[in-house]
>>> print(open('model.txt').read())   # compact mmCIF, C-alpha atoms
# COMPACT_ATOMS: atom_id res chain seq x y z
CA MET W 1 117.94 4.17 264.35
CA THR W 2 121.27 4.54 262.54
CA GLN W 3 123.02 7.82 263.25
CA VAL W 4 123.62 9.82 260.09
CA VAL W 5 126.89 11.75 260.27
CA ARG W 6 127.80 14.29 257.65
CA ILE W 7 131.36 14.69 256.37
CA PRO W 8 133.10 17.10 258.80
CA PRO W 9 135.31 20.09 257.92
CA VAL W 10 138.74 19.22 256.50
CA PRO W 11 142.07 21.09 256.48
CA PRO W 12 142.78 23.20 253.41
CA GLY W 13 146.28 21.79 252.80
CA VAL W 14 146.68 18.31 254.27
CA ARG W 15 150.14 16.71 254.04
CA LEU W 16 149.93 13.92 256.64
CA ILE W 17 147.04 11.60 257.48
CA VAL W 18 147.33 9.44 260.59
CA SER W 19 144.68 6.79 261.19
CA ASP W 20 144.06 4.14 263.78
CA MET W 21 143.14 0.78 262.28
CA ASP W 22 140.72 -1.32 264.36
CA GLY W 23 137.37 0.33 264.87
CA THR W 24 138.48 3.33 262.81
CA LEU W 25 139.76 2.58 259.31
CA LEU W 26 138.87 -1.12 259.25
CA ASP W 27 135.22 -2.13 258.92
CA GLU W 28 133.33 -4.14 261.50
CA ALA W 29 134.77 -7.38 260.08
CA LYS W 30 138.30 -5.89 260.44
CA ARG W 31 138.71 -5.58 256.68
CA ILE W 32 140.44 -2.74 254.84
CA PRO W 33 137.76 -0.89 252.86
CA GLU W 34 138.18 -1.36 249.12
CA GLY W 35 137.90 2.38 248.62
CA LEU W 36 141.20 2.93 250.45
CA TRP W 37 143.41 1.61 247.64
CA PRO W 38 142.60 4.30 245.03
CA VAL W 39 142.79 6.91 247.79
CA LEU W 40 146.30 5.74 248.69
CA ASP W 41 147.31 6.03 245.04
CA GLU W 42 145.99 9.59 244.91
CA LEU W 43 147.68 10.55 248.18
CA ASP W 44 150.97 9.25 246.81
CA ARG W 45 150.48 11.18 243.60
CA ARG W 46 149.94 14.39 245.58
CA GLY W 47 152.79 13.78 248.01
CA VAL W 48 150.50 13.34 251.02
CA VAL W 49 151.81 10.84 253.60
CA PHE W 50 149.43 8.20 254.94
CA CYS W 51 150.52 6.73 258.28
CA PRO W 52 148.66 3.97 260.17
CA ALA W 53 148.89 4.36 263.95
CA SER W 54 147.94 1.18 265.73
CA GLY W 55 148.43 -1.17 268.63
CA ARG W 56 149.26 -3.75 265.94
CA GLN W 57 152.90 -4.63 265.35
CA ALA W 58 154.92 -3.05 262.54
CA ALA W 59 155.13 -6.36 260.66
CA THR W 60 151.34 -6.58 260.58
CA LEU W 61 150.87 -3.03 259.30
CA LEU W 62 153.49 -3.54 256.60
CA HIS W 63 151.86 -6.82 255.61
CA GLN W 64 148.49 -5.10 255.30
CA LEU W 65 149.51 -1.87 253.59
CA GLY W 66 153.18 -1.97 252.62
CA HIS W 67 152.55 -3.42 249.17
CA ALA W 68 150.44 -0.38 248.29
CA VAL W 69 152.69 2.28 249.85
CA PRO W 70 156.44 1.86 249.22
CA GLY W 71 158.36 3.19 252.22
CA LEU W 72 155.22 3.20 254.34
CA VAL W 73 155.69 5.04 257.66
CA VAL W 74 153.95 3.19 260.50
CA ILE W 75 153.29 3.97 264.14
CA ALA W 76 153.08 0.53 265.73
CA GLU W 77 152.64 -0.93 269.22
CA ASN W 78 150.75 2.24 270.26
CA GLY W 79 153.80 4.37 269.50
CA ALA W 80 156.54 2.17 270.97
CA VAL W 81 157.78 1.44 267.44
CA VAL W 82 157.96 3.87 264.53
CA ALA W 83 159.16 2.40 261.25
CA CYS W 84 159.65 3.34 257.62
CA GLY W 85 159.31 0.13 255.70
CA THR W 86 161.53 -2.40 257.44
CA GLU W 87 163.75 0.31 258.98
CA LYS W 88 162.99 1.08 262.62
CA LEU W 89 163.06 4.85 263.18
CA SER W 90 162.50 4.53 266.93
CA VAL W 91 162.04 1.71 269.43
CA THR W 92 161.11 2.39 273.06
CA ALA W 93 161.64 -0.65 275.25
CA LEU W 94 160.02 -1.58 278.54
CA ASP W 95 162.17 -2.00 281.63
CA ASP W 96 162.87 -5.69 282.34
CA ASP W 97 161.51 -5.41 285.88
CA VAL W 98 158.24 -4.00 284.54
CA VAL W 99 157.93 -6.84 282.04
CA ALA W 100 158.45 -9.35 284.85
CA ALA W 101 155.86 -7.65 287.07
CA VAL W 102 153.27 -7.56 284.29
CA LEU W 103 153.82 -11.22 283.42
CA ASP W 104 153.43 -12.14 287.09
CA ALA W 105 150.20 -10.15 287.33
CA ALA W 106 148.85 -11.70 284.14
CA ARG W 107 149.60 -15.20 285.43
CA GLU W 108 147.81 -14.35 288.65
CA LEU W 109 144.79 -13.29 286.60
CA GLU W 110 145.02 -16.49 284.52
CA SER W 111 144.93 -18.56 287.71
CA THR W 112 141.62 -17.13 288.88
CA ALA W 113 138.35 -18.74 287.86
CA SER W 114 136.83 -15.35 287.02
CA SER W 115 139.44 -14.39 284.37
CA ASP W 116 140.14 -15.83 280.96
CA VAL W 117 143.17 -13.97 279.65
CA GLY W 118 146.17 -14.54 277.41
CA VAL W 119 149.46 -12.64 277.11
CA VAL W 120 151.36 -11.40 274.07
CA LEU W 121 154.96 -10.38 274.77
CA CYS W 122 155.97 -7.98 272.02
CA GLY W 123 159.50 -7.55 270.73
CA PRO W 124 160.29 -4.89 268.11
CA ASP W 125 159.94 -7.48 265.32
CA VAL W 126 158.26 -10.61 266.73
CA ALA W 127 155.56 -11.26 269.32
CA PHE W 128 155.63 -14.27 271.66
CA VAL W 129 152.81 -16.22 273.30
CA GLU W 130 152.60 -19.21 275.62
CA ARG W 131 148.92 -19.88 275.23
CA CYS W 132 148.30 -21.85 272.04
CA ASP W 133 144.60 -22.74 272.04
CA THR W 134 142.71 -21.85 268.87
CA PRO W 135 140.33 -19.27 270.40
CA PHE W 136 143.26 -17.24 271.75
CA LEU W 137 145.45 -17.55 268.65
CA ASP W 138 142.48 -16.49 266.52
CA GLN W 139 142.59 -13.19 268.43
CA VAL W 140 146.37 -12.86 268.18
CA ARG W 141 146.92 -13.49 264.47
CA PRO W 142 145.17 -10.38 263.07
CA TYR W 143 147.33 -8.07 265.20
CA TYR W 144 150.64 -9.94 265.31
CA TYR W 145 151.53 -11.22 261.85
CA ALA W 146 155.00 -12.20 263.12
CA HIS W 147 154.44 -14.31 266.24
CA GLU W 148 155.89 -17.43 267.85
CA VAL W 149 154.54 -19.86 270.43
CA VAL W 150 157.03 -20.55 273.24
CA GLU W 151 156.95 -22.69 276.37
CA ASP W 152 157.86 -19.92 278.82
CA LEU W 153 157.55 -16.20 278.18
CA THR W 154 159.90 -15.45 281.07
CA ALA W 155 162.70 -17.29 279.26
CA VAL W 156 162.48 -15.21 276.07
CA PRO W 157 165.29 -12.61 275.79
CA GLY W 158 164.35 -8.97 275.27
CA PRO W 159 164.11 -6.17 274.51
CA PHE W 160 160.33 -5.86 274.63
CA VAL W 161 158.28 -2.86 273.59
CA LYS W 162 154.89 -3.91 274.89
CA VAL W 163 152.99 -6.51 276.88
CA ALA W 164 149.47 -7.01 275.53
CA ILE W 165 146.76 -8.86 277.41
CA TYR W 166 143.66 -10.26 275.75
CA ASP W 167 140.65 -10.70 278.05
CA PHE W 168 137.77 -12.81 276.73
CA GLY W 169 135.52 -10.73 278.98
CA ASP W 170 135.52 -6.94 279.21
CA VAL W 171 139.10 -5.87 279.89
CA GLU W 172 137.94 -2.82 281.87
CA ASP W 173 136.19 -4.96 284.50
CA VAL W 174 139.08 -6.83 286.20
CA THR W 175 142.21 -6.83 284.07
CA ALA W 176 142.62 -3.07 283.63
CA PRO W 177 142.24 -2.27 287.36
CA ALA W 178 144.71 -5.03 288.27
CA LEU W 179 147.39 -3.82 285.85
CA THR W 180 146.84 -0.12 286.54
CA ALA W 181 147.44 -0.79 290.24
CA LEU W 182 150.91 -2.26 289.65
CA PRO W 183 153.89 -0.27 290.95
CA GLY W 184 156.62 0.73 288.54
CA ALA W 185 157.09 3.03 285.58
CA MET W 186 154.73 2.01 282.81
CA GLU W 187 151.99 3.29 280.51
CA VAL W 188 148.79 1.21 280.72
CA VAL W 189 146.10 1.76 278.06
CA VAL W 190 142.89 0.02 277.11
CA SER W 191 143.05 -0.40 273.34
CA GLY W 192 139.76 -2.22 272.78
CA ARG W 193 136.96 -3.98 274.61
CA ASN W 194 139.19 -7.02 275.10
CA TRP W 195 142.76 -5.67 274.79
CA LEU W 196 145.02 -3.92 277.28
CA ASP W 197 148.55 -2.76 276.43
CA VAL W 198 151.49 -1.93 278.70
CA MET W 199 154.32 0.22 277.31
CA ALA W 200 157.19 2.30 278.67
CA PRO W 201 156.37 5.62 280.37
CA GLY W 202 155.66 8.43 277.93
CA VAL W 203 154.88 6.12 275.04
CA ASP W 204 151.69 6.99 273.21
CA LYS W 205 150.53 7.65 269.68
CA SER W 206 150.67 11.42 270.10
CA VAL W 207 154.40 11.40 270.87
CA ALA W 208 154.97 9.22 267.80
CA VAL W 209 152.84 11.51 265.60
CA ARG W 210 154.94 14.50 266.66
CA ALA W 211 158.11 12.58 265.83
CA VAL W 212 156.78 11.76 262.35
CA GLN W 213 155.73 15.38 261.82
CA LYS W 214 159.17 16.63 262.83
CA SER W 215 161.00 14.14 260.61
CA LEU W 216 158.89 15.11 257.60
CA GLY W 217 158.72 18.84 258.28
CA ILE W 218 154.93 18.78 258.50
CA GLY W 219 152.92 21.01 260.83
CA THR W 220 149.92 20.23 263.01
CA GLY W 221 147.67 22.31 260.78
CA GLU W 222 148.58 20.02 257.87
CA THR W 223 147.82 16.77 259.73
CA MET W 224 144.56 14.82 260.01
CA VAL W 225 144.24 12.29 262.85
CA PHE W 226 141.51 9.62 263.11
CA GLY W 227 140.75 7.38 266.09
CA ASP W 228 138.10 5.50 268.04
CA TYR W 229 139.42 4.03 271.31
CA LEU W 230 141.32 4.94 274.47
CA ASN W 231 144.76 4.19 273.04
CA ASP W 232 143.99 6.99 270.55
CA LEU W 233 143.13 9.49 273.28
CA ALA W 234 146.45 11.35 273.39
CA MET W 235 146.77 11.85 269.64
CA ILE W 236 143.11 12.86 269.31
CA ARG W 237 143.38 15.29 272.23
CA ASP W 238 146.59 16.88 270.94
CA ALA W 239 145.77 17.14 267.23
CA GLU W 240 144.49 20.32 265.59
CA TRP W 241 142.50 18.34 263.00
CA SER W 242 141.27 15.40 265.08
CA TYR W 243 138.42 13.14 263.98
CA ALA W 244 136.51 10.63 266.08
CA VAL W 245 134.54 8.09 264.06
CA ALA W 246 130.90 7.97 265.11
CA ASN W 247 131.33 4.55 266.78
CA ALA W 248 134.15 5.83 269.03
CA HIS W 249 134.46 5.42 272.79
CA PRO W 250 132.66 8.24 274.66
CA GLU W 251 135.96 9.72 275.89
CA ILE W 252 137.22 9.98 272.30
CA LEU W 253 133.96 11.57 271.17
CA ALA W 254 134.31 14.08 274.00
CA VAL W 255 137.78 15.35 273.04
CA ALA W 256 137.83 15.09 269.23
CA ARG W 257 137.36 18.35 267.36
CA TYR W 258 135.33 16.75 264.59
CA LEU W 259 133.00 13.78 264.12
CA ALA W 260 133.42 11.53 261.07
CA PRO W 261 131.05 8.77 259.95
CA SER W 262 131.57 5.40 261.61
CA ASN W 263 133.97 2.71 260.50
CA ALA W 264 130.96 0.74 259.23
CA ASP W 265 130.06 3.77 257.09
CA ASN W 266 133.60 4.09 255.64
CA GLY W 267 134.11 7.34 257.54
CA VAL W 268 137.90 7.64 257.26
CA VAL W 269 138.09 7.10 253.51
CA ARG W 270 135.12 9.39 252.85
CA THR W 271 136.62 12.18 254.97
CA ILE W 272 140.02 11.83 253.27
CA ARG W 273 138.32 12.05 249.88
CA ALA W 274 136.67 15.27 250.99
CA ALA W 275 140.09 16.64 251.99
CA LEU W 276 141.31 15.81 248.49
CA GLY W 277 138.40 17.68 246.98
CA GLU W 278 136.78 14.49 245.68
CA PRO W 279 133.18 13.29 246.12
CA ALA W 280 132.85 11.72 249.56
CA SER W 281 130.22 9.12 248.68
CA ARG W 282 130.62 5.62 250.12
>>> encode(input="model.txt", output="structure tokens")
Amino acid sequence: MTQVVRIPPVPPGVRLIVSDMDGTLLDEAKRIPEGLWPVLDELDRRGVVFCPASGRQAATLLHQLGHAVPGLVVIAENGAVVACGTEKLSVTALDDDVVAAVLDAARELESTASSDVGVVLCGPDVAFVERCDTPFLDQVRPYYYAHEVVEDLTAVPGPFVKVAIYDFGDVEDVTAPALTALPGAMEVVVSGRNWLDVMAPGVDKSVAVRAVQKSLGIGTGETMVFGDYLNDLAMIRDAEWSYAVANAHPEILAVARYLAPSNADNGVVRTIRAALGEPASR
């Protein structure tokens, strides 16, 4: 039976809306809901800032939404990159030794018969991959609009903000334990059933949200935050007005203050419309 979720409470004076993309704003086919475009126009008219916060790269987010929001502020690479349009407001790079250790561990996983993984080495502007088979690149393209295939990831000059690993199985079974066990200063997060991301210590979406709030002079009581998966945990836990979509990971559901309808039920757009005082129908 489909769970029916009512529109949750909304802040009385919202000025900033931060939303994860995959599994949260995007529908189950990873499409932007058509209802978002008029909502973005209305937010702009009212001076409310809409900010995607994603594991996707900045170039991808700007490609998806930048045409509709001039000067779009994006939280990309799980917080390692914050940008306003094409201007990078902050870039937090990984230590070179950590990058090398993660690449070594990923290659070890690739060499085992039980793992089918591919690596994306993420610079601030462009992502790099060695693996070039169609099934892997089909998973890379939606998240990394600016990407290049290279012969050897270890020969690509940095800096790098993230190493992402795609596991064709469940990333929490083998890949996540192997990467979490690595020595060195790094932040390891599971960002989807198949994706794991490694960033510099202290990098997460919550830190980036606070930086955006500070730069815009916007308080926590004026900010709505939406998420669904473990890479959203920090910003959902720390937000005053935090919303888990109904399809969210159990840990997100446990810490979010409010429950919004699922991504398949257009929960983010409907909840934003309620905050704007508009009918929240699908």
>>> closest_residue(input="model.txt", among="W:Gly35, W:Pro142, W:Ala208, W:Thr134", to="Gln64 in chain W", atoms="only C-alpha atoms")
W:Pro142
>>> atom_distance(input="model.txt", atom1="CA of Val5 in chain W", atom2="CA of Ser262 in chain W")
8.0 Å
>>> residues_around(input="model.txt", residues="range 191-202 of chain W", least_positions_apart="5", cutoff="10 Å", atoms="only C-alpha atoms", output="PyMOL selection string")
chain W and resi 22-23+54-55+77-80+92-95+98-99+102+117-122+139+160-173+175-176+179-180+184-186+207+228-233+249
>>> closest_residue(input="model.txt", among="W:Val49, W:Ala127, W:Ala178, W:Ala239", to="Gly221 in chain W", atoms="all atoms listed in the file")
W:Ala239
>>> closest_residue(input="model.txt", among="W:Ala264, W:Leu153, W:Val209, W:Ala254", to="Lys30 in chain W", atoms="all atoms listed in the file")
W:Ala264
>>> residues_around(input="model.txt", residues="range 16-19 of chain W", least_positions_apart="6", cutoff="6 Å", atoms="only C-alpha atoms", output="PyMOL selection string")
chain W and resi 48-53+223-226
>>> residues_around(input="model.txt", residues="Arg237 in chain W", least_positions_apart="4", cutoff="9 Å", atoms="only C-alpha atoms", output="compact mmCIF listing (two decimals) with C-alpha atoms, in the frame of the given file")
# COMPACT_ATOMS: atom_id res chain seq x y z
CA SER W 206 150.67 11.42 270.10
CA ASP W 232 143.99 6.99 270.55
CA LEU W 233 143.13 9.49 273.28
CA SER W 242 141.27 15.40 265.08
CA ILE W 252 137.22 9.98 272.30
CA VAL W 255 137.78 15.35 273.04
CA ALA W 256 137.83 15.09 269.23
CA ARG W 257 137.36 18.35 267.36
>>> residues_around(input="model.txt", residues="Glu34 in chain W", least_positions_apart="5", cutoff="10 Å", atoms="all atoms listed in the file", output="ChimeraX atom specification")
/W:39,266,269
>>> residues_near_point(input="model.txt", point="(131.2, 13.7, 263.7)", cutoff="7 Å", atoms="all atoms listed in the file", output="PDB file with C-alpha atoms, in the coordinates of the input")
ATOM      1  CA  VAL W   5     126.890  11.750 260.270  1.00  0.00           C
ATOM      2  CA  ARG W   6     127.800  14.290 257.650  1.00  0.00           C
ATOM      3  CA  PRO W   8     133.100  17.100 258.800  1.00  0.00           C
ATOM      4  CA  ALA W 244     136.510  10.630 266.080  1.00  0.00           C
ATOM      5  CA  VAL W 245     134.540   8.090 264.060  1.00  0.00           C
ATOM      6  CA  ALA W 246     130.900   7.970 265.110  1.00  0.00           C
ATOM      7  CA  TYR W 258     135.330  16.750 264.590  1.00  0.00           C
ATOM      8  CA  LEU W 259     133.000  13.780 264.120  1.00  0.00           C
ATOM      9  CA  ALA W 260     133.420  11.530 261.070  1.00  0.00           C
ATOM     10  CA  PRO W 261     131.050   8.770 259.950  1.00  0.00           C
TER      11      PRO W 261
END
>>> build_atoms(input="model.txt", residues="range 26-49 of chain W", atoms="N, CA, C and O atoms", output="CSV table (one decimal), in the frame of the given file")
chain,number,residue,atom,x,y,z
W,26,LEU,N,139.4,0.2,259.6
W,26,LEU,CA,138.9,-1.1,259.2
W,26,LEU,C,137.4,-1.2,259.5
W,26,LEU,O,136.9,-0.5,260.4
W,27,ASP,N,136.7,-2.0,258.7
W,27,ASP,CA,135.2,-2.1,258.9
W,27,ASP,C,135.0,-3.1,260.1
W,27,ASP,O,135.9,-3.5,260.8
W,28,GLU,N,133.7,-3.4,260.3
W,28,GLU,CA,133.3,-4.1,261.5
W,28,GLU,C,133.8,-5.6,261.4
W,28,GLU,O,133.9,-6.3,262.5
W,29,ALA,N,134.2,-6.1,260.2
W,29,ALA,CA,134.8,-7.4,260.1
W,29,ALA,C,136.3,-7.3,260.0
W,29,ALA,O,137.0,-8.3,259.7
W,30,LYS,N,136.8,-6.1,260.4
W,30,LYS,CA,138.3,-5.9,260.4
W,30,LYS,C,138.9,-6.0,259.1
W,30,LYS,O,140.1,-6.4,258.9
W,31,ARG,N,138.2,-5.6,258.0
W,31,ARG,CA,138.7,-5.6,256.7
W,31,ARG,C,139.1,-4.2,256.3
W,31,ARG,O,138.4,-3.2,256.7
W,32,ILE,N,140.1,-4.0,255.4
W,32,ILE,CA,140.4,-2.7,254.8
W,32,ILE,C,139.4,-2.4,253.8
W,32,ILE,O,139.1,-3.2,252.9
W,33,PRO,N,138.8,-1.2,253.9
W,33,PRO,CA,137.8,-0.9,252.9
W,33,PRO,C,138.4,-0.8,251.5
W,33,PRO,O,139.5,-0.3,251.3
W,34,GLU,N,137.7,-1.3,250.5
W,34,GLU,CA,138.2,-1.4,249.1
W,34,GLU,C,138.5,0.0,248.6
W,34,GLU,O,139.4,0.3,247.8
W,35,GLY,N,137.7,1.0,249.1
W,35,GLY,CA,137.9,2.4,248.6
W,35,GLY,C,139.2,3.0,249.1
W,35,GLY,O,139.6,4.1,248.6
W,36,LEU,N,139.9,2.3,250.0
W,36,LEU,CA,141.2,2.9,250.4
W,36,LEU,C,142.3,2.9,249.4
W,36,LEU,O,143.1,3.8,249.3
W,37,TRP,N,142.3,1.8,248.6
W,37,TRP,CA,143.4,1.6,247.6
W,37,TRP,C,143.5,2.7,246.6
W,37,TRP,O,144.6,3.3,246.4
W,38,PRO,N,142.5,3.1,245.9
W,38,PRO,CA,142.6,4.3,245.0
W,38,PRO,C,142.9,5.6,245.8
W,38,PRO,O,143.6,6.5,245.2
W,39,VAL,N,142.5,5.7,247.0
W,39,VAL,CA,142.8,6.9,247.8
W,39,VAL,C,144.3,6.9,248.1
W,39,VAL,O,144.9,8.0,248.0
W,40,LEU,N,144.9,5.8,248.4
W,40,LEU,CA,146.3,5.7,248.7
W,40,LEU,C,147.1,6.1,247.4
W,40,LEU,O,148.1,6.8,247.5
W,41,ASP,N,146.6,5.7,246.3
W,41,ASP,CA,147.3,6.0,245.0
W,41,ASP,C,147.3,7.5,244.8
W,41,ASP,O,148.3,8.2,244.4
W,42,GLU,N,146.1,8.1,245.1
W,42,GLU,CA,146.0,9.6,244.9
W,42,GLU,C,146.8,10.4,245.9
W,42,GLU,O,147.4,11.4,245.6
W,43,LEU,N,146.8,9.9,247.2
W,43,LEU,CA,147.7,10.6,248.2
W,43,LEU,C,149.1,10.5,247.8
W,43,LEU,O,149.9,11.5,247.9
W,44,ASP,N,149.6,9.4,247.3
W,44,ASP,CA,151.0,9.2,246.8
W,44,ASP,C,151.2,10.2,245.7
W,44,ASP,O,152.3,10.9,245.6
W,45,ARG,N,150.3,10.3,244.7
W,45,ARG,CA,150.5,11.2,243.6
W,45,ARG,C,150.6,12.6,244.0
W,45,ARG,O,151.4,13.4,243.4
W,46,ARG,N,149.9,13.0,245.1
W,46,ARG,CA,149.9,14.4,245.6
W,46,ARG,C,151.0,14.6,246.6
W,46,ARG,O,151.2,15.8,247.1
W,47,GLY,N,151.8,13.6,247.0
W,47,GLY,CA,152.8,13.8,248.0
W,47,GLY,C,152.3,13.9,249.4
W,47,GLY,O,153.0,14.4,250.3
W,48,VAL,N,151.1,13.4,249.7
W,48,VAL,CA,150.5,13.3,251.0
W,48,VAL,C,150.8,12.0,251.7
W,48,VAL,O,150.7,10.9,251.1
W,49,VAL,N,151.4,12.0,252.9
W,49,VAL,CA,151.8,10.8,253.6
W,49,VAL,C,150.6,10.2,254.4
W,49,VAL,O,149.9,10.9,255.1
